[in-house]
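Peer 1: Mind looking over this structure? Questions follow.
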Amino acid sequence: MSYFGDIVEAVVSIAKGMGVTIRTMVRPPETVQYPDIDVLDPKMAGYSANLKPVSERFRGILTVNTDSCVVDNLCARACPVNCIQIEGLKGPKTKAKNLLPGGKDLPKTRYPVRFDIHIGRCLYCGLCVEACNTGAIYFTREFRGQTQDYGNLVRHFVSESEAERIKKLAEEEAERAAREKAEKEAKKAASEEKKDTGGDRPEGEDQ
Amino acid sequence: MQATVDRLIAQLPILQEVPVWAVYLVWMIVVGAVLLATVSLIAGITSWVERRIAGRMQSRIGPNRVGPNGFFQWIADGLKCLFKEDITPDNADWSLFRVAPYLVFVGMFGAWAVLPYSARIFAADLNVGILYVMAITSLVVIGILMGGWASGNKWSLFGAIRSSAQIVSYEVPAGLAITTAVVMSGSLSMQGIVKSQAGPMGILGWNVFNNPFATIAFFIYFIAAVAEGNRTPFDLPEAESELVSGYNTEYSGMRFVFFLFAEWANLFLIGAVTTTLFLGGWQGPFANPDTWWGVMIGGGWFFLKSCVFVFILIWLRWTLPRLRVDQLMGMCWRYLVPIAFVCLLGTLLWMSILGQRAFFGVIKMAAGVGI
């Protein structure tokens with residue numbers, strides 16, 4: 001009879017539903033108490049349910065390692081919204097450490113004096129990260145970008161003192177280069193004079 | 001309680017010099033204040049418990065910021081509502097609108113006067129206790145109907161009318177189930193009902209174990225009480241998803257709190273009345289009405305059983321979806337009322353054939369015959 005069948009069905013389905021809720025109740029809650037629990041910490045100390053911390057591959061706010069930057073402007077060109085502004089100066093020739101796994105170090109002659117990223121404009125598309133040869137520009141997992149002032153959205157990765165240092169370095173380099181050039185020219189001029197007068201081969205030229 | 005006051009007057013000569021009615025009046029006010037404090041505390045803590053349990057059942061945490069584990073959330077909420085503006089809508093019926101929350105509150109609070117907290121702990125022991133409970137809790141529906149009508153809002157009116165239809169319907173199976181318990185106990189007084197449920201270990205004498213019909217009547221009373229308390233799955237008068245918030249939509253500030261307060265205090269009240277009728281009230285192991293510690297243990301049993309019901313009500317609320325109006329009515333008139341009648345008749349037959357013997361007594365007797 002469907003009358004008693006209905007009663008049995010009601011009792012069984014209510015019991016089933018109540019079983020589900022009581023089982024959920026005894027499990028730890030999924031909620032992450034966000035500011036109390038560090039979601040960037042891989043262990044998420046103090047949290048015991050199923051949610052994972054922010055992924056290793058999460059595209060957060062961009063950051064730059066200026067020591068590895070060779071100022072080739074590839075990232076600024078790749079950016080679809082032009083949120084990267086770079087200025088560089090020529091300095092002494094060194095090696096830029098390649099931060100990419102298995103990448104080779106590149107020669108570095110240009111140094112950034114200005115490296116600004118407007119994170120208010122950034123799309124988090126990752127094209128700059130792909131373009132970079134040395135891995136100097138990369139995503140952090142930082143997602144907290146709020147600020148009281150619009151100007152703070154432009155992140156300056158080269159500090160003023162660092163820029164001063166590089167400018168000085170660049171001036172020295174320019175002086176050195178000018179001196180070298182002058183010496184070279186003087187040498188050349190001297191050897192040419194020699195050639196004209198003597199005819200001996202100048203040392204160190206050719207071969 | 002009059003006996004207690006009389007004894008107090010006889011023992012303290014200073015009270016004999018003031019008129020008796022003054023002593024009675026002061027005593028009544030003191031008892032009323034104590035009850036009000038208890039009800040406020042229970043309603044407030046229940047609101048916190050409900051929100052915590054609801055949170056856990058939905059894999060959330062629930063309020064946990066105010067005090068340890070959010071325990072003082074109810075005080076914070078109450079204070080917040082106390083300081084809010086008390087708005088009466090322009091097209092509301094001013095006097096009815098303002099008086100409705102008090103009726104709801106009084107209807108709920110009046111029932112607490114006769115609850116048998118323990119053998120000697122109660123505010124009043126009326127000889128028509130359970131009838132008084134049914135009568136005074138019906139005042140709640142008048143308050144709800146008044147509030148819904150006076151709001152001048154169609155959703156509120158829908159909520160109020162649903163509430164009255166629902167409570168009027170569910171009063172019938174509830175009344176029949178109560179009659180079953182009263183028949184078994186032979187008394188209408190709350191203390192009398194509890195005292196009649198004494199039995200081995202303080203448990204086996206409970207009305208719910210008296211006979212199989214009583215067990216079914218217990219479930220019917222519980223379902224009807226849930227419906228009368230406007231709790232999910234029978235919360236049609238509030239029905240957030242359909243009627244905004246039902247009859248209390250237009251209320252704000254402290255008047256709104258009165259409605260919520262009554263709802264949460266009602267949880268414990270439903271548990272307490274069900275406990276009294278079917279689960280032996282303060283009867284339980286070591287509960288003894290003759291010694292003071294026995295009385296205290298009895299109070300503990302009463303509180304514990306009621307709290308179990310509060311938990312079950314919360315559990316039900318966060319599990320079951322809301323019924324449709326026609327389903328609600330169909331369930332009442334097609335299932336609960338006939339079954340409650342069968343239970344009443346079955347209990348009467350059982351008692352006329354087997355006497356006062358409880359279910360376990362019959363099993364023992366049958367076992368004796370078998371051997």
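For the structure tokens, the naming scheme is as follows: chains receive sequential letters (A, B, ...) according to their order of presentation, residues are indexed from 1 within each chain, and ligands are indexed from 1 in presentation order.
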Taking only C-alpha atoms into account, which residues of chain B are within 12 Å of chain A, as a PDB file with C-alpha atoms, in the first residue's frame?
Peer 2:
```
ATOM      1  CA  ARG B  52      27.751  26.903  15.345  1.00  0.00           C
ATOM      2  CA  ILE B  53      26.081  23.573  14.568  1.00  0.00           C
ATOM      3  CA  ALA B  54      24.629  24.930  11.323  1.00  0.00           C
ATOM      4  CA  GLY B  55      28.094  26.050  10.360  1.00  0.00           C
ATOM      5  CA  ARG B  56      29.638  22.672  11.047  1.00  0.00           C
ATOM      6  CA  MET B  57      26.867  20.885   9.174  1.00  0.00           C
ATOM      7  CA  GLN B  58      27.672  23.015   6.137  1.00  0.00           C
ATOM      8  CA  SER B  59      31.410  22.562   6.600  1.00  0.00           C
ATOM      9  CA  ARG B  60      31.754  26.135   7.814  1.00  0.00           C
ATOM     10  CA  ILE B  61      32.919  27.338  11.202  1.00  0.00           C
ATOM     11  CA  GLY B  62      30.148  29.657  12.319  1.00  0.00           C
ATOM     12  CA  PRO B  63      30.565  32.651  14.621  1.00  0.00           C
ATOM     13  CA  ASN B  64      33.906  32.304  16.396  1.00  0.00           C
ATOM     14  CA  ARG B  65      35.202  35.822  16.921  1.00  0.00           C
ATOM     15  CA  PHE B 219       6.958  10.826  17.227  1.00  0.00           C
ATOM     16  CA  PRO B 233      11.006  21.759   7.502  1.00  0.00           C
ATOM     17  CA  PHE B 311      20.047  19.465  19.060  1.00  0.00           C
ATOM     18  CA  ILE B 312      17.680  17.215  17.093  1.00  0.00           C
ATOM     19  CA  LEU B 313      15.590  20.232  16.085  1.00  0.00           C
ATOM     20  CA  ILE B 314      18.678  22.081  14.881  1.00  0.00           C
ATOM     21  CA  TRP B 315      19.874  18.954  13.115  1.00  0.00           C
ATOM     22  CA  LEU B 316      16.500  18.573  11.366  1.00  0.00           C
ATOM     23  CA  ARG B 317      16.456  22.215  10.384  1.00  0.00           C
ATOM     24  CA  TRP B 318      19.794  22.066   8.628  1.00  0.00           C
ATOM     25  CA  THR B 319      19.018  18.760   6.933  1.00  0.00           C
ATOM     26  CA  LEU B 320      15.510  18.892   5.538  1.00  0.00           C
ATOM     27  CA  PRO B 321      14.166  21.150   2.794  1.00  0.00           C
ATOM     28  CA  GLY B 330      -1.638  16.757   3.439  1.00  0.00           C
ATOM     29  CA  MET B 331       0.855  15.411   5.923  1.00  0.00           C
ATOM     30  CA  ARG B 334      -3.830  12.473   5.885  1.00  0.00           C
ATOM     31  CA  TYR B 335      -1.079  11.041   8.040  1.00  0.00           C
ATOM     32  CA  LEU B 336      -0.671  12.584  11.458  1.00  0.00           C
ATOM     33  CA  PRO B 338      -5.468   9.419  11.590  1.00  0.00           C
ATOM     34  CA  ILE B 339      -2.349   7.842  13.041  1.00  0.00           C
TER      35      ILE B 339
END
```
Peer 1: Residues of segment 136-182 of chain A within 10 Å of segment 91-113 of chain A: nearest atom pair and distance (Å, one decimal) for each, counting only C-alpha atoms, sorted by chain and number, as a tab-separated table?
Peer 2:
```
residue	atom	partner	partner_atom	distance
A:Ala136	CA	A:Leu99	CA	6.5
A:Ile137	CA	A:Leu99	CA	9.4
A:Tyr138	CA	A:Leu99	CA	9.7
A:Phe157	CA	A:Val113	CA	9.2
A:Val158	CA	A:Val113	CA	6.2
A:Ser159	CA	A:Val113	CA	8.3
A:Glu160	CA	A:Val113	CA	8.3
A:Ser161	CA	A:Val113	CA	9.8
A:Glu162	CA	A:Val113	CA	7.5
A:Ala163	CA	A:Val113	CA	4.6
A:Glu164	CA	A:Val113	CA	7.9
A:Arg165	CA	A:Val113	CA	9.0
A:Ile166	CA	A:Val113	CA	6.6
A:Lys167	CA	A:Val113	CA	7.4
A:Lys168	CA	A:Gly91	CA	9.3
A:Leu169	CA	A:Gly91	CA	6.2
A:Ala170	CA	A:Gly91	CA	4.6
A:Glu171	CA	A:Gly91	CA	8.0
A:Glu172	CA	A:Gly91	CA	8.2
A:Glu173	CA	A:Gly91	CA	5.6
A:Ala174	CA	A:Gly91	CA	7.6
A:Arg176	CA	A:Pro92	CA	9.4
A:Ala177	CA	A:Pro92	CA	9.4
```
Peer 1: Please produce a file of those selected residues containing N, CA and C atoms, as an mmCIF file, in the first residue's frame.
Peer 2:
```
data_model
loop_
_atom_site.group_PDB
_atom_site.id
_atom_site.type_symbol
_atom_site.label_atom_id
_atom_site.label_comp_id
_atom_site.auth_asym_id
_atom_site.auth_seq_id
_atom_site.Cartn_x
_atom_site.Cartn_y
_atom_site.Cartn_z
ATOM 1 N N ALA A 136 64.636 36.506 -15.074
ATOM 2 C CA ALA A 136 64.740 37.569 -14.075
ATOM 3 C C ALA A 136 63.361 38.056 -13.640
ATOM 4 N N ILE A 137 62.381 37.999 -14.515
ATOM 5 C CA ILE A 137 61.020 38.426 -14.151
ATOM 6 C C ILE A 137 60.188 37.165 -13.929
ATOM 7 N N TYR A 138 59.522 37.085 -12.799
ATOM 8 C CA TYR A 138 58.741 35.875 -12.511
ATOM 9 C C TYR A 138 57.584 36.213 -11.577
ATOM 10 N N PHE A 157 61.328 48.387 -8.976
ATOM 11 C CA PHE A 157 62.217 47.298 -8.577
ATOM 12 C C PHE A 157 63.669 47.736 -8.496
ATOM 13 N N VAL A 158 63.979 48.948 -8.994
ATOM 14 C CA VAL A 158 65.322 49.477 -8.823
ATOM 15 C C VAL A 158 65.208 50.663 -7.881
ATOM 16 N N SER A 159 65.842 50.564 -6.742
ATOM 17 C CA SER A 159 65.738 51.654 -5.779
ATOM 18 C C SER A 159 66.561 52.839 -6.266
ATOM 19 N N GLU A 160 66.322 54.006 -5.679
ATOM 20 C CA GLU A 160 67.031 55.200 -6.138
ATOM 21 C C GLU A 160 68.522 55.077 -5.895
ATOM 22 N N SER A 161 68.890 54.532 -4.726
ATOM 23 C CA SER A 161 70.315 54.399 -4.416
ATOM 24 C C SER A 161 70.980 53.446 -5.401
ATOM 25 N N GLU A 162 70.234 52.366 -5.718
ATOM 26 C CA GLU A 162 70.759 51.391 -6.674
ATOM 27 C C GLU A 162 70.939 52.050 -8.048
ATOM 28 N N ALA A 163 69.963 52.881 -8.426
ATOM 29 C CA ALA A 163 70.042 53.577 -9.713
ATOM 30 C C ALA A 163 71.248 54.521 -9.729
ATOM 31 N N GLU A 164 71.470 55.208 -8.573
ATOM 32 C CA GLU A 164 72.624 56.114 -8.476
ATOM 33 C C GLU A 164 73.920 55.328 -8.676
ATOM 34 N N ARG A 165 73.969 54.172 -7.986
ATOM 35 C CA ARG A 165 75.167 53.333 -8.056
ATOM 36 C C ARG A 165 75.434 52.929 -9.502
ATOM 37 N N ILE A 166 74.341 52.528 -10.174
ATOM 38 C CA ILE A 166 74.511 52.054 -11.548
ATOM 39 C C ILE A 166 74.905 53.206 -12.465
ATOM 40 N N LYS A 167 74.334 54.384 -12.196
ATOM 41 C CA LYS A 167 74.696 55.550 -13.020
ATOM 42 C C LYS A 167 76.183 55.849 -12.880
ATOM 43 N N LYS A 168 76.651 55.795 -11.610
ATOM 44 C CA LYS A 168 78.069 56.047 -11.352
ATOM 45 C C LYS A 168 78.916 55.012 -12.093
ATOM 46 N N LEU A 169 78.448 53.739 -11.945
ATOM 47 C CA LEU A 169 79.144 52.628 -12.597
ATOM 48 C C LEU A 169 79.209 52.853 -14.109
ATOM 49 N N ALA A 170 78.058 53.317 -14.631
ATOM 50 C CA ALA A 170 77.967 53.524 -16.072
ATOM 51 C C ALA A 170 78.887 54.668 -16.505
ATOM 52 N N GLU A 171 78.949 55.726 -15.649
ATOM 53 C CA GLU A 171 79.837 56.850 -15.979
ATOM 54 C C GLU A 171 81.286 56.392 -16.000
ATOM 55 N N GLU A 172 81.645 55.621 -14.946
ATOM 56 C CA GLU A 172 83.002 55.101 -14.880
ATOM 57 C C GLU A 172 83.319 54.268 -16.112
ATOM 58 N N GLU A 173 82.306 53.429 -16.439
ATOM 59 C CA GLU A 173 82.471 52.543 -17.585
ATOM 60 C C GLU A 173 82.651 53.370 -18.854
ATOM 61 N N ALA A 174 81.818 54.440 -18.935
ATOM 62 C CA ALA A 174 81.894 55.293 -20.127
ATOM 63 C C ALA A 174 83.266 55.971 -20.193
ATOM 64 N N ARG A 176 85.995 54.879 -18.796
ATOM 65 C CA ARG A 176 86.971 53.832 -19.086
ATOM 66 C C ARG A 176 86.965 53.531 -20.589
ATOM 67 N N ALA A 177 85.735 53.425 -21.112
ATOM 68 C CA ALA A 177 85.600 53.105 -22.534
ATOM 69 C C ALA A 177 86.201 54.226 -23.376
#
```
Peer 1: Would you return as a PyMOL selection string the members of segment 111-181 of chain A that DSSP assigns to strand (DSSP E or B) on this structure's backbone?
Peer 2: chain A and resi 111-118+137-139+154-156
Peer 1: Can you write out the residues you just picked, keeping N, CA and C atoms, as a PDB file, in the first residue's frame?
Peer 2:
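The resulting result-v6.pdb:
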```
ATOM      1  N   TYR A 111      72.635  47.621 -17.542  1.00  0.00           N
ATOM      2  CA  TYR A 111      72.097  47.520 -16.178  1.00  0.00           C
ATOM      3  C   TYR A 111      70.836  48.361 -16.076  1.00  0.00           C
ATOM      4  N   PRO A 112      69.775  47.847 -15.427  1.00  0.00           N
ATOM      5  CA  PRO A 112      68.543  48.650 -15.308  1.00  0.00           C
ATOM      6  C   PRO A 112      68.713  49.766 -14.287  1.00  0.00           C
ATOM      7  N   VAL A 113      68.346  50.984 -14.663  1.00  0.00           N
ATOM      8  CA  VAL A 113      68.254  52.054 -13.667  1.00  0.00           C
ATOM      9  C   VAL A 113      66.803  52.329 -13.317  1.00  0.00           C
ATOM     10  N   ARG A 114      65.929  51.772 -14.128  1.00  0.00           N
ATOM     11  CA  ARG A 114      64.519  51.926 -13.792  1.00  0.00           C
ATOM     12  C   ARG A 114      63.822  50.668 -14.260  1.00  0.00           C
ATOM     13  N   PHE A 115      63.094  50.007 -13.364  1.00  0.00           N
ATOM     14  CA  PHE A 115      62.312  48.835 -13.761  1.00  0.00           C
ATOM     15  C   PHE A 115      60.987  48.923 -13.007  1.00  0.00           C
ATOM     16  N   ASP A 116      59.954  49.462 -13.653  1.00  0.00           N
ATOM     17  CA  ASP A 116      58.667  49.669 -12.987  1.00  0.00           C
ATOM     18  C   ASP A 116      57.618  48.723 -13.575  1.00  0.00           C
ATOM     19  N   ILE A 117      56.836  48.119 -12.729  1.00  0.00           N
ATOM     20  CA  ILE A 117      55.695  47.322 -13.196  1.00  0.00           C
ATOM     21  C   ILE A 117      54.440  47.903 -12.571  1.00  0.00           C
ATOM     22  N   HIS A 118      53.487  48.254 -13.411  1.00  0.00           N
ATOM     23  CA  HIS A 118      52.221  48.793 -12.915  1.00  0.00           C
ATOM     24  C   HIS A 118      51.289  47.610 -12.647  1.00  0.00           C
ATOM     25  N   ILE A 137      62.381  37.999 -14.515  1.00  0.00           N
ATOM     26  CA  ILE A 137      61.020  38.426 -14.151  1.00  0.00           C
ATOM     27  C   ILE A 137      60.188  37.165 -13.929  1.00  0.00           C
ATOM     28  N   TYR A 138      59.522  37.085 -12.799  1.00  0.00           N
ATOM     29  CA  TYR A 138      58.741  35.875 -12.511  1.00  0.00           C
ATOM     30  C   TYR A 138      57.584  36.213 -11.577  1.00  0.00           C
ATOM     31  N   PHE A 139      56.618  35.293 -11.526  1.00  0.00           N
ATOM     32  CA  PHE A 139      55.448  35.471 -10.660  1.00  0.00           C
ATOM     33  C   PHE A 139      55.790  35.056  -9.242  1.00  0.00           C
ATOM     34  N   VAL A 154      52.316  51.138  -8.753  1.00  0.00           N
ATOM     35  CA  VAL A 154      53.506  51.039  -9.599  1.00  0.00           C
ATOM     36  C   VAL A 154      54.651  50.563  -8.718  1.00  0.00           C
ATOM     37  N   ARG A 155      55.090  49.361  -9.011  1.00  0.00           N
ATOM     38  CA  ARG A 155      56.165  48.793  -8.181  1.00  0.00           C
ATOM     39  C   ARG A 155      57.507  49.142  -8.810  1.00  0.00           C
ATOM     40  N   HIS A 156      58.386  49.785  -8.020  1.00  0.00           N
ATOM     41  CA  HIS A 156      59.723  50.123  -8.508  1.00  0.00           C
ATOM     42  C   HIS A 156      60.683  49.050  -8.040  1.00  0.00           C
TER      43      HIS A 156
END
```
Peer 1: Hey, can you check how far atom CA of Ile119 of chain A sits from atom CA of Leu153 of chain A?
Peer 2: 5.5 Å
Peer 1: What is the atom CA of Leu89 of chain A-atom CA of Thr63 of chain A distance in Å, reported with one decimal?
Peer 2: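 Between atom CA of Leu89 of chain A and atom CA of Thr63 of chain A the gap works out to 20.5 Å.
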Peer 1: When DSSP works through the backbone of this structure, what residues of segment 6-182 of chain A end up as alpha helix (DSSP H), shown as a VMD selection string?
Peer 2: chain A and resid 6 to 26 74 to 78 127 to 131 160 to 182
Peer 1: Tell me, as a ChimeraX atom specification, which residues lie within 8 Å of Val81 of chain A, counting only C-alpha atoms; anything in the same chain fewer than 3 positions away does not count.
Peer 2: /A:121-123
Peer 1: List the spatial neighbours of Ser151 of chain B as a PyMOL selection string - criterion: any atom at most 9 Å away, only C-alpha atoms, same-chain residues fewer than 5 positions off excluded.
Peer 2: chain B and resi 88-89+91-94+96-97+146+156-157+247-251
Peer 1: What's the separation between atom CA of Gly205 of chain B and atom CA of Gly284 of chain B, in Å to one decimal place?
Peer 2: 9.5 Å
Peer 1: So that I can see what lies close to Glu263 of chain B, please list as a VMD selection string the residues with an atom at most 10 Å from it, counting only C-alpha atoms and leaving out residues fewer than 5 positions away in the same chain.
Peer 2: chain B and resid 43 47 104 to 105 108 229 to 231 257 to 258 268 to 269
Peer 1: At a cut-off of 9 Å, using only C-alpha atoms, what residues contact Arg77 of chain A? Leave out same-chain residues fewer than 6 positions from it and give the result as a PyMOL selection string.
Peer 2: chain A and resi 84+128+131
Peer 1: Pull C-alpha atoms from the residues just selected and write them as a compact mmCIF listing (two decimals), in the first residue's frame.
Peer 2:
```txt
# COMPACT_ATOMS: atom_id res chain seq x y z
CA ILE A 84 56.48 47.33 -17.73
CA CYS A 128 56.75 38.58 -19.99
CA ALA A 131 59.83 36.07 -23.00
```
Peer 1: So, counting only C-alpha atoms, which residue among B:Ser189, B:Thr232, B:Gln73, B:Thr347 is closest to Phe213 of chain B?
Peer 2: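 Distance minimum relative to Phe213 of chain B lands on B:Thr347.
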Peer 1: Which one of B:Leu131, B:Leu236, B:Pro285, B:Gln191 sits closest to Ile167 of chain B if you count only C-alpha atoms?
Peer 2: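 Using only C-alpha atoms, the shortest distance to Ile167 of chain B belongs to B:Leu236.
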Peer 1: Which residues are near Ala37 of chain B? Cut-off 12 Å, only C-alpha atoms, ignore same chain within fewer than 6 positions. Put them as a PyMOL selection string.
Peer 2: chain B and resi 30-31+43-44+109+112+265
Peer 1: Just the selected residues (C-alpha atoms), exported as a PDB file, in the first residue's frame, please.
Peer 2:
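Contents of selection.pdb, as written:
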```
ATOM      1  CA  VAL B  30      11.341  37.297  41.908  1.00  0.00           C
ATOM      2  CA  VAL B  31      10.339  33.963  40.355  1.00  0.00           C
ATOM      3  CA  ALA B  43      17.456  31.512  24.026  1.00  0.00           C
ATOM      4  CA  GLY B  44      20.705  33.423  23.594  1.00  0.00           C
ATOM      5  CA  PHE B 109       7.211  32.755  27.952  1.00  0.00           C
ATOM      6  CA  TRP B 112       7.755  28.255  30.993  1.00  0.00           C
ATOM      7  CA  ALA B 265      13.326  29.862  23.396  1.00  0.00           C
TER       8      ALA B 265
END
```
Peer 1: Looking at A:Asp149, A:Glu130, A:Asp196, A:Glu9, which one is nearest to Leu74 of chain A, with distances taken over only C-alpha atoms?
Peer 2: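 Using only C-alpha atoms, the shortest distance to Leu74 of chain A belongs to A:Glu130.
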